[in-house]
Amino acid sequence: PMTQAGARLLAASFRSIDIEARVIPPSDSRTLELGSMYSAGDECLPEKVTLGDYIKITETEGFDPAKTAIMLPTANGPCRFGQYVHKLEKVLSKCGYEDIMLFYPSSENGYEGIANNNSIFYRKAWISIVCADILRKMLLKTRPYEKIKGTTDRVYEDSLSAMEKVIEQKDLKFRKYFTKVVEQLIISRDEFRAIDADYTEGKPLLMVVGEIFCRHNRFANENMLKKLEEHGAETWIADVAEWVMYTDFIRKHHLIRRGKKYSKEMIVTNLKGHIMKKDEHKLLAPFKEDFKGYEEPSNMDDIVNYGEPYLSYKGALGEMVLSIGRTVYSYYKGVDGIVDISPFSCMNGIVSESIYPSISKEHNDIPCRVFYFDGINSDLDRDIGIFMELVKGYKSRKKIERIYPEYYKN
């Protein structure tokens, strides 16, 4: 799982169509031990963590390779991610587990092939991703202000468990299914709102971008978001739904380059995108008041257009395009700094890091910092402390103020 929330709710959507799906247990020291054991040494941290976690499954009690299937989505582009599944296949074979089925839908075709292209399942899977993003957003915007430490985390975990039970329901008409999901979101929203919190304006708001696995996986980034909160910040992280919409955006441009602008494939892709945005808007509707000032870009064109002067989506692929575009977008939302979380040696992080100085110079010197992770403990608190001093300096002189929800106090 990149995110425990997204993986748990996605697994629940599989169970809703009678496919037994489980989430990999949390990563730990054994994960890195196994990932390093079967690596050449120059792999990035997400590859080691992914490899180690899957190999660790083979050590669990009652493991049966003949009854096990591994789902590992893949992608094209400059990232090593496209090679993960092939590396895993070789390692499993070396360990004598040829019976394990590997299932790897690709971003190249918008992850077609899942559940025999069942359109209802696709919508359920999309709903699970959006719900996970919404609940995470409520967590991050509430936790820095809680009066009793741990309250928000508890509400978040309870909300995820309740949403799992709703999403995994079977044999419901889709309209009723969708209604139940929205009803549960409203219940969770009210539980977050009921948390005893001191919403006072002035806390620095940081946009978190970067490589999607490392920025979302708490083990890989050493629980970076919580550490930023401990240093007095509030965080707003680029969500997982952004990546899903980006894959559809890129697919449309691939079709145009192949002379299929007016084709059945393009019609299907556009229709799917329209339905996805419609569902997303309905799921977000109850949170309009809560997410005032935290609005996501209305569509993928907004992100790539903001980034176009610095890194064109026509000549680059992956998180680097999204990180650059969202950085500029976030500046105009009044954030106080940009944190890029990337694995050490990651091309996305390296390319983005070379561009951030130009963006910062042209946007009132907003602080932009790449934090690299390689699984080796570093003095993260020291580095965050230095960055936060820059954030405070920028906050005192910035030209664009953030917009707060109505319930904040001056």
# chains A, B, ... in the order shown; residues from 1 in each chain; ligands from 1

$ residues_around --residues "segment 98-105 of chain A" --least-positions-apart "4" --cutoff "6 Å" --atoms "only C-alpha atoms" --output "ChimeraX atom specification"
/A:65-66,68-74,93,111

$ residues_around --residues "Val181 of chain A" --least-positions-apart "4" --cutoff "8 Å" --atoms "only C-alpha atoms" --output "PyMOL selection string"
chain A and resi 163+166-167+177+185

$ write_last_selection --atoms "C-alpha atoms" --output "PDB file, in the first residue's frame"
ATOM      1  CA  MET A 163     -16.195   2.929   5.416  1.00  0.00           C
ATOM      2  CA  VAL A 166     -19.960   0.053   3.634  1.00  0.00           C
ATOM      3  CA  ILE A 167     -17.770  -0.409   0.559  1.00  0.00           C
ATOM      4  CA  TYR A 177     -24.517   1.672  -2.736  1.00  0.00           C
ATOM      5  CA  LEU A 185     -18.880  10.155   4.741  1.00  0.00           C
TER       6      LEU A 185
END

$ atom_distance --atom1 "atom CA of Ile250 of chain A" --atom2 "atom CA of Ser119 of chain A"
20.5 Å

$ residues_around --residues "Tyr246 of chain A" --least-positions-apart "6" --cutoff "10 Å" --atoms "only C-alpha atoms" --output "MDAnalysis selection string"
chainID A and resid 107 110 252 299:301 303:304 317:319 321:322

$ write_last_selection --atoms "N, CA, C and O atoms" --output "tab-separated table (two decimals), in the first residue's frame"
chain	number	residue	atom	x	y	z
A	107	SER	N	-0.89	1.60	-16.01
A	107	SER	CA	-1.40	2.97	-16.22
A	107	SER	C	-1.48	3.31	-17.70
A	107	SER	O	-2.16	4.26	-18.08
A	110	GLY	N	-4.98	3.08	-18.55
A	110	GLY	CA	-5.91	3.49	-17.50
A	110	GLY	C	-6.30	2.36	-16.58
A	110	GLY	O	-7.39	2.36	-16.01
A	252	LYS	N	-5.28	10.09	-23.12
A	252	LYS	CA	-5.94	10.86	-24.18
A	252	LYS	C	-4.92	11.46	-25.14
A	252	LYS	O	-5.11	11.47	-26.36
A	299	ASN	N	-9.43	20.32	-12.72
A	299	ASN	CA	-9.11	19.24	-13.65
A	299	ASN	C	-7.60	19.18	-13.87
A	299	ASN	O	-6.86	20.04	-13.40
A	300	MET	N	-7.17	18.17	-14.60
A	300	MET	CA	-5.74	17.97	-14.80
A	300	MET	C	-5.11	19.09	-15.63
A	300	MET	O	-3.92	19.40	-15.48
A	301	ASP	N	-5.89	19.72	-16.49
A	301	ASP	CA	-5.36	20.83	-17.30
A	301	ASP	C	-4.82	21.94	-16.42
A	301	ASP	O	-3.83	22.58	-16.75
A	303	ILE	N	-3.36	21.73	-13.50
A	303	ILE	CA	-2.04	21.38	-12.96
A	303	ILE	C	-0.96	21.48	-14.03
A	303	ILE	O	0.08	22.12	-13.84
A	304	VAL	N	-1.19	20.84	-15.18
A	304	VAL	CA	-0.15	20.84	-16.21
A	304	VAL	C	0.06	22.23	-16.81
A	304	VAL	O	1.19	22.57	-17.19
A	317	LEU	N	7.22	12.84	-18.04
A	317	LEU	CA	6.15	11.98	-17.53
A	317	LEU	C	6.27	11.81	-16.02
A	317	LEU	O	7.34	11.98	-15.45
A	318	GLY	N	5.16	11.49	-15.40
A	318	GLY	CA	5.18	11.08	-14.01
A	318	GLY	C	5.03	12.19	-12.99
A	318	GLY	O	4.59	13.29	-13.29
A	319	GLU	N	5.44	11.87	-11.75
A	319	GLU	CA	5.22	12.77	-10.63
A	319	GLU	C	5.92	14.12	-10.79
A	319	GLU	O	5.48	15.11	-10.22
A	321	VAL	N	6.00	16.06	-13.30
A	321	VAL	CA	5.06	16.98	-13.95
A	321	VAL	C	4.02	17.47	-12.95
A	321	VAL	O	3.72	18.67	-12.87
A	322	LEU	N	3.50	16.55	-12.16
A	322	LEU	CA	2.47	16.90	-11.18
A	322	LEU	C	3.05	17.74	-10.04
A	322	LEU	O	2.41	18.70	-9.58

$ atom_distance --atom1 "atom CA of Cys346 of chain A" --atom2 "atom CA of Cys79 of chain A"
7.6 Å

$ select_by_dssp --residues "segment 133-324 of chain A" --states "strand (DSSP E or B)" --output "list in words"
Glu146, Ala197, Thr200, Leu205, Leu206, Met207, Val208, Val209, Gly210, Glu234, Thr235, Trp236 and Ile237 of chain A

$ closest_residue --among "A:Met245, A:Ile57, A:Ala220, A:Leu32" --to "Ile275 of chain A" --atoms "only C-alpha atoms"
A:Met245

$ closest_residue --among "A:Ser298, A:Asn348, A:Ser378, A:Thr50" --to "Ser36 of chain A" --atoms "only C-alpha atoms"
A:Thr50

$ residues_around --residues "Ile341 of chain A" --least-positions-apart "2" --cutoff "9 Å" --atoms "only C-alpha atoms" --output "list of chain:residue names"
A:Val208, A:Val209, A:Gly210, A:Glu211, A:Ile212, A:Cys214, A:Arg215, A:His216, A:Asn221, A:Met224, A:Val339, A:Pro343, A:Gly349, A:Arg369, A:Val370, A:Phe371, A:Tyr372, A:Phe373

$ residues_around --residues "Gln184 of chain A" --least-positions-apart "6" --cutoff "12 Å" --atoms "only C-alpha atoms" --output "NGL selection string"
:A and (131 or 135 or 158-167 or 177-178 or 190-191 or 283 or 286)

$ write_last_selection --atoms "C-alpha atoms" --output "compact mmCIF listing (two decimals), in the first residue's frame"
# COMPACT_ATOMS: atom_id res chain seq x y z
CA CYS A 131 -13.11 8.41 0.00
CA LEU A 135 -10.76 11.07 5.07
CA ASP A 158 -12.83 4.46 13.14
CA SER A 159 -13.92 6.25 9.95
CA LEU A 160 -11.82 3.94 7.78
CA SER A 161 -13.20 0.83 9.50
CA ALA A 162 -16.77 2.06 9.07
CA MET A 163 -16.20 2.93 5.42
CA GLU A 164 -14.67 -0.51 4.76
CA LYS A 165 -17.90 -2.12 5.96
CA VAL A 166 -19.96 0.05 3.63
CA ILE A 167 -17.77 -0.41 0.56
CA TYR A 177 -24.52 1.67 -2.74
CA PHE A 178 -23.39 5.20 -3.59
CA ASP A 190 -19.48 15.13 11.76
CA GLU A 191 -17.20 13.03 13.96
CA LEU A 283 -18.54 12.70 -2.66
CA PRO A 286 -20.73 17.47 2.01

$ closest_residue --among "A:Lys56, A:Lys141, A:Arg382, A:Lys67" --to "Cys95 of chain A" --atoms "only C-alpha atoms"
A:Lys56

$ residues_around --residues "Thr269 of chain A" --least-positions-apart "3" --cutoff "10 Å" --atoms "only C-alpha atoms" --output "number ranges by chain"
A: 109-110, 248-249, 251-252, 255, 263-266, 272-274

$ closest_residue --among "A:Glu183, A:Glu296, A:Asp171, A:Glu362" --to "Ile17 of chain A" --atoms "only C-alpha atoms"
A:Asp171

$ atom_distance --atom1 "atom CA of Pro1 of chain A" --atom2 "atom CA of Leu45 of chain A"
13.9 Å

$ select_by_dssp --residues "segment 256-341 of chain A" --states "alpha helix (DSSP H)" --output "MDAnalysis selection string"
chainID A and resid 256:257 264:284 300:307 319:331

$ write_last_selection --atoms "C-alpha atoms" --output "short mmCIF file (atom, residue, chain, number, x, y, z; two decimals), in the first residue's frame"
data_model
loop_
_atom_site.label_atom_id
_atom_site.label_comp_id
_atom_site.auth_asym_id
_atom_site.auth_seq_id
_atom_site.Cartn_x
_atom_site.Cartn_y
_atom_site.Cartn_z
CA ILE A 256 -4.25 11.88 -30.21
CA ARG A 257 -0.62 11.19 -31.16
CA LYS A 264 -14.19 4.69 -29.87
CA GLU A 265 -11.28 4.52 -27.44
CA MET A 266 -11.32 8.30 -27.02
CA ILE A 267 -15.09 8.34 -26.48
CA VAL A 268 -14.80 5.66 -23.79
CA THR A 269 -11.90 7.47 -22.11
CA ASN A 270 -13.75 10.80 -22.10
CA LEU A 271 -16.93 9.18 -20.80
CA LYS A 272 -15.05 7.43 -18.03
CA GLY A 273 -13.37 10.69 -17.03
CA HIS A 274 -16.70 12.51 -17.00
CA ILE A 275 -18.29 9.90 -14.73
CA MET A 276 -15.27 9.90 -12.40
CA LYS A 277 -15.37 13.68 -11.94
CA LYS A 278 -19.13 13.58 -11.41
CA ASP A 279 -18.79 10.93 -8.69
CA GLU A 280 -15.92 12.85 -7.09
CA HIS A 281 -17.97 16.08 -6.94
CA LYS A 282 -20.85 14.26 -5.24
CA LEU A 283 -18.54 12.70 -2.66
CA LEU A 284 -16.88 16.05 -1.95
CA MET A 300 -5.74 17.97 -14.80
CA ASP A 301 -5.36 20.83 -17.30
CA ASP A 302 -5.03 23.24 -14.38
CA ILE A 303 -2.04 21.38 -12.96
CA VAL A 304 -0.15 20.84 -16.21
CA ASN A 305 -0.80 24.40 -17.37
CA TYR A 306 0.68 25.82 -14.16
CA GLY A 307 3.75 23.66 -14.71
CA GLU A 319 5.22 12.77 -10.63
CA MET A 320 7.72 15.43 -11.71
CA VAL A 321 5.06 16.98 -13.95
CA LEU A 322 2.47 16.90 -11.18
CA SER A 323 4.87 18.15 -8.49
CA ILE A 324 5.93 21.17 -10.54
CA GLY A 325 2.39 22.09 -11.58
CA ARG A 326 0.96 21.66 -8.09
CA THR A 327 3.78 23.73 -6.59
CA VAL A 328 2.77 26.76 -8.65
CA TYR A 329 -0.93 26.05 -8.03
CA SER A 330 -0.26 25.89 -4.28
CA TYR A 331 1.54 29.21 -4.29
#

$ closest_residue --among "A:Ile195, A:Ile366, A:Ala132, A:Ala125" --to "Asp153 of chain A" --atoms "only C-alpha atoms"
A:Ile195

$ residues_around --residues "Leu228 of chain A" --least-positions-apart "2" --cutoff "12 Å" --atoms "only C-alpha atoms" --output "mmCIF file with N, CA and C atoms, in the first residue's frame"
data_model
loop_
_atom_site.group_PDB
_atom_site.id
_atom_site.type_symbol
_atom_site.label_atom_id
_atom_site.label_comp_id
_atom_site.auth_asym_id
_atom_site.auth_seq_id
_atom_site.Cartn_x
_atom_site.Cartn_y
_atom_site.Cartn_z
ATOM 1 N N LEU A 140 -5.571 15.403 8.212
ATOM 2 C CA LEU A 140 -4.439 16.331 8.184
ATOM 3 C C LEU A 140 -4.838 17.756 8.522
ATOM 4 N N ARG A 143 -5.842 17.292 12.771
ATOM 5 C CA ARG A 143 -4.886 16.824 13.791
ATOM 6 C C ARG A 143 -3.970 17.912 14.366
ATOM 7 N N PRO A 144 -3.465 18.852 13.551
ATOM 8 C CA PRO A 144 -2.578 19.876 14.136
ATOM 9 C C PRO A 144 -3.262 20.783 15.151
ATOM 10 N N LYS A 203 -1.071 29.106 11.714
ATOM 11 C CA LYS A 203 -0.175 27.950 11.602
ATOM 12 C C LYS A 203 0.287 27.815 10.152
ATOM 13 N N PRO A 204 1.598 27.643 9.902
ATOM 14 C CA PRO A 204 2.082 27.500 8.520
ATOM 15 C C PRO A 204 1.455 26.294 7.824
ATOM 16 N N LEU A 205 1.051 26.486 6.571
ATOM 17 C CA LEU A 205 0.476 25.411 5.775
ATOM 18 C C LEU A 205 1.478 24.993 4.703
ATOM 19 N N LEU A 206 1.833 23.719 4.684
ATOM 20 C CA LEU A 206 2.805 23.195 3.741
ATOM 21 C C LEU A 206 2.140 22.263 2.745
ATOM 22 N N MET A 207 2.426 22.460 1.455
ATOM 23 C CA MET A 207 1.963 21.525 0.434
ATOM 24 C C MET A 207 3.006 20.428 0.288
ATOM 25 N N VAL A 208 2.568 19.175 0.358
ATOM 26 C CA VAL A 208 3.467 18.030 0.242
ATOM 27 C C VAL A 208 3.272 17.377 -1.125
ATOM 28 N N ASN A 221 8.653 7.251 4.549
ATOM 29 C CA ASN A 221 9.054 8.646 4.822
ATOM 30 C C ASN A 221 9.214 8.940 6.315
ATOM 31 N N GLU A 222 9.341 7.882 7.123
ATOM 32 C CA GLU A 222 9.588 8.032 8.566
ATOM 33 C C GLU A 222 8.528 8.900 9.237
ATOM 34 N N ASN A 223 7.289 8.742 8.788
ATOM 35 C CA ASN A 223 6.150 9.488 9.341
ATOM 36 C C ASN A 223 6.405 10.995 9.262
ATOM 37 N N MET A 224 6.846 11.411 8.087
ATOM 38 C CA MET A 224 7.264 12.795 7.865
ATOM 39 C C MET A 224 6.169 13.812 8.178
ATOM 40 N N LEU A 225 4.933 13.517 7.797
ATOM 41 C CA LEU A 225 3.866 14.499 7.986
ATOM 42 C C LEU A 225 3.631 14.782 9.464
ATOM 43 N N LYS A 226 3.708 13.753 10.270
ATOM 44 C CA LYS A 226 3.517 13.956 11.708
ATOM 45 C C LYS A 226 4.687 14.760 12.281
ATOM 46 N N GLU A 230 4.700 18.265 14.335
ATOM 47 C CA GLU A 230 5.379 18.474 15.618
ATOM 48 C C GLU A 230 6.233 19.729 15.606
ATOM 49 N N HIS A 231 6.629 20.157 14.411
ATOM 50 C CA HIS A 231 7.396 21.396 14.265
ATOM 51 C C HIS A 231 6.483 22.601 14.026
ATOM 52 N N GLY A 232 5.185 22.414 14.227
ATOM 53 C CA GLY A 232 4.259 23.541 14.174
ATOM 54 C C GLY A 232 3.558 23.771 12.862
ATOM 55 N N ALA A 233 3.662 22.838 11.918
ATOM 56 C CA ALA A 233 3.068 23.029 10.597
ATOM 57 C C ALA A 233 1.757 22.252 10.442
ATOM 58 N N GLU A 234 0.992 22.659 9.460
ATOM 59 C CA GLU A 234 -0.160 21.902 8.971
ATOM 60 C C GLU A 234 0.192 21.455 7.564
ATOM 61 N N THR A 235 -0.197 20.245 7.189
ATOM 62 C CA THR A 235 0.171 19.728 5.874
ATOM 63 C C THR A 235 -1.048 19.478 4.998
ATOM 64 N N TRP A 236 -0.830 19.649 3.713
ATOM 65 C CA TRP A 236 -1.847 19.375 2.691
ATOM 66 C C TRP A 236 -1.124 18.542 1.631
ATOM 67 N N GLY A 337 4.948 26.951 2.117
ATOM 68 C CA GLY A 337 6.148 26.231 1.739
ATOM 69 C C GLY A 337 5.798 24.952 1.003
ATOM 70 N N ILE A 338 6.770 24.448 0.258
ATOM 71 C CA ILE A 338 6.592 23.218 -0.527
ATOM 72 C C ILE A 338 7.564 22.163 -0.023
ATOM 73 N N VAL A 339 7.028 21.010 0.356
ATOM 74 C CA VAL A 339 7.850 19.875 0.776
ATOM 75 C C VAL A 339 7.709 18.784 -0.274
ATOM 76 N N PHE A 371 13.090 16.435 0.394
ATOM 77 C CA PHE A 371 13.589 15.552 1.448
ATOM 78 C C PHE A 371 13.708 14.152 0.848
ATOM 79 N N LEU A 380 16.470 13.958 10.642
ATOM 80 C CA LEU A 380 15.322 14.561 9.976
ATOM 81 C C LEU A 380 14.797 15.772 10.745
ATOM 82 N N ASP A 381 14.798 15.677 12.062
ATOM 83 C CA ASP A 381 14.299 16.789 12.869
ATOM 84 C C ASP A 381 15.125 18.052 12.649
ATOM 85 N N ARG A 382 16.422 17.889 12.523
ATOM 86 C CA ARG A 382 17.289 19.049 12.257
ATOM 87 C C ARG A 382 16.954 19.680 10.918
ATOM 88 N N ASP A 383 16.807 18.850 9.885
ATOM 89 C CA ASP A 383 16.516 19.366 8.540
ATOM 90 C C ASP A 383 15.153 20.044 8.486
ATOM 91 N N ILE A 384 14.167 19.464 9.174
ATOM 92 C CA ILE A 384 12.840 20.077 9.209
ATOM 93 C C ILE A 384 12.901 21.413 9.939
ATOM 94 N N GLY A 385 13.664 21.446 11.035
ATOM 95 C CA GLY A 385 13.795 22.679 11.800
ATOM 96 C C GLY A 385 14.369 23.810 10.973
ATOM 97 N N ILE A 386 15.390 23.517 10.184
ATOM 98 C CA ILE A 386 15.992 24.532 9.308
ATOM 99 C C ILE A 386 14.989 25.010 8.272
ATOM 100 N N PHE A 387 14.266 24.053 7.675
ATOM 101 C CA PHE A 387 13.268 24.409 6.662
ATOM 102 C C PHE A 387 12.163 25.267 7.253
ATOM 103 N N MET A 388 11.731 24.942 8.459
ATOM 104 C CA MET A 388 10.646 25.687 9.087
ATOM 105 C C MET A 388 11.045 27.130 9.376
ATOM 106 N N VAL A 391 10.330 28.834 6.245
ATOM 107 C CA VAL A 391 8.882 28.957 6.093
ATOM 108 C C VAL A 391 8.354 30.152 6.890
#

$ closest_residue --among "A:Ala40, A:Leu9, A:Ile355, A:Ala75" --to "Gln169 of chain A" --atoms "only C-alpha atoms"
A:Leu9
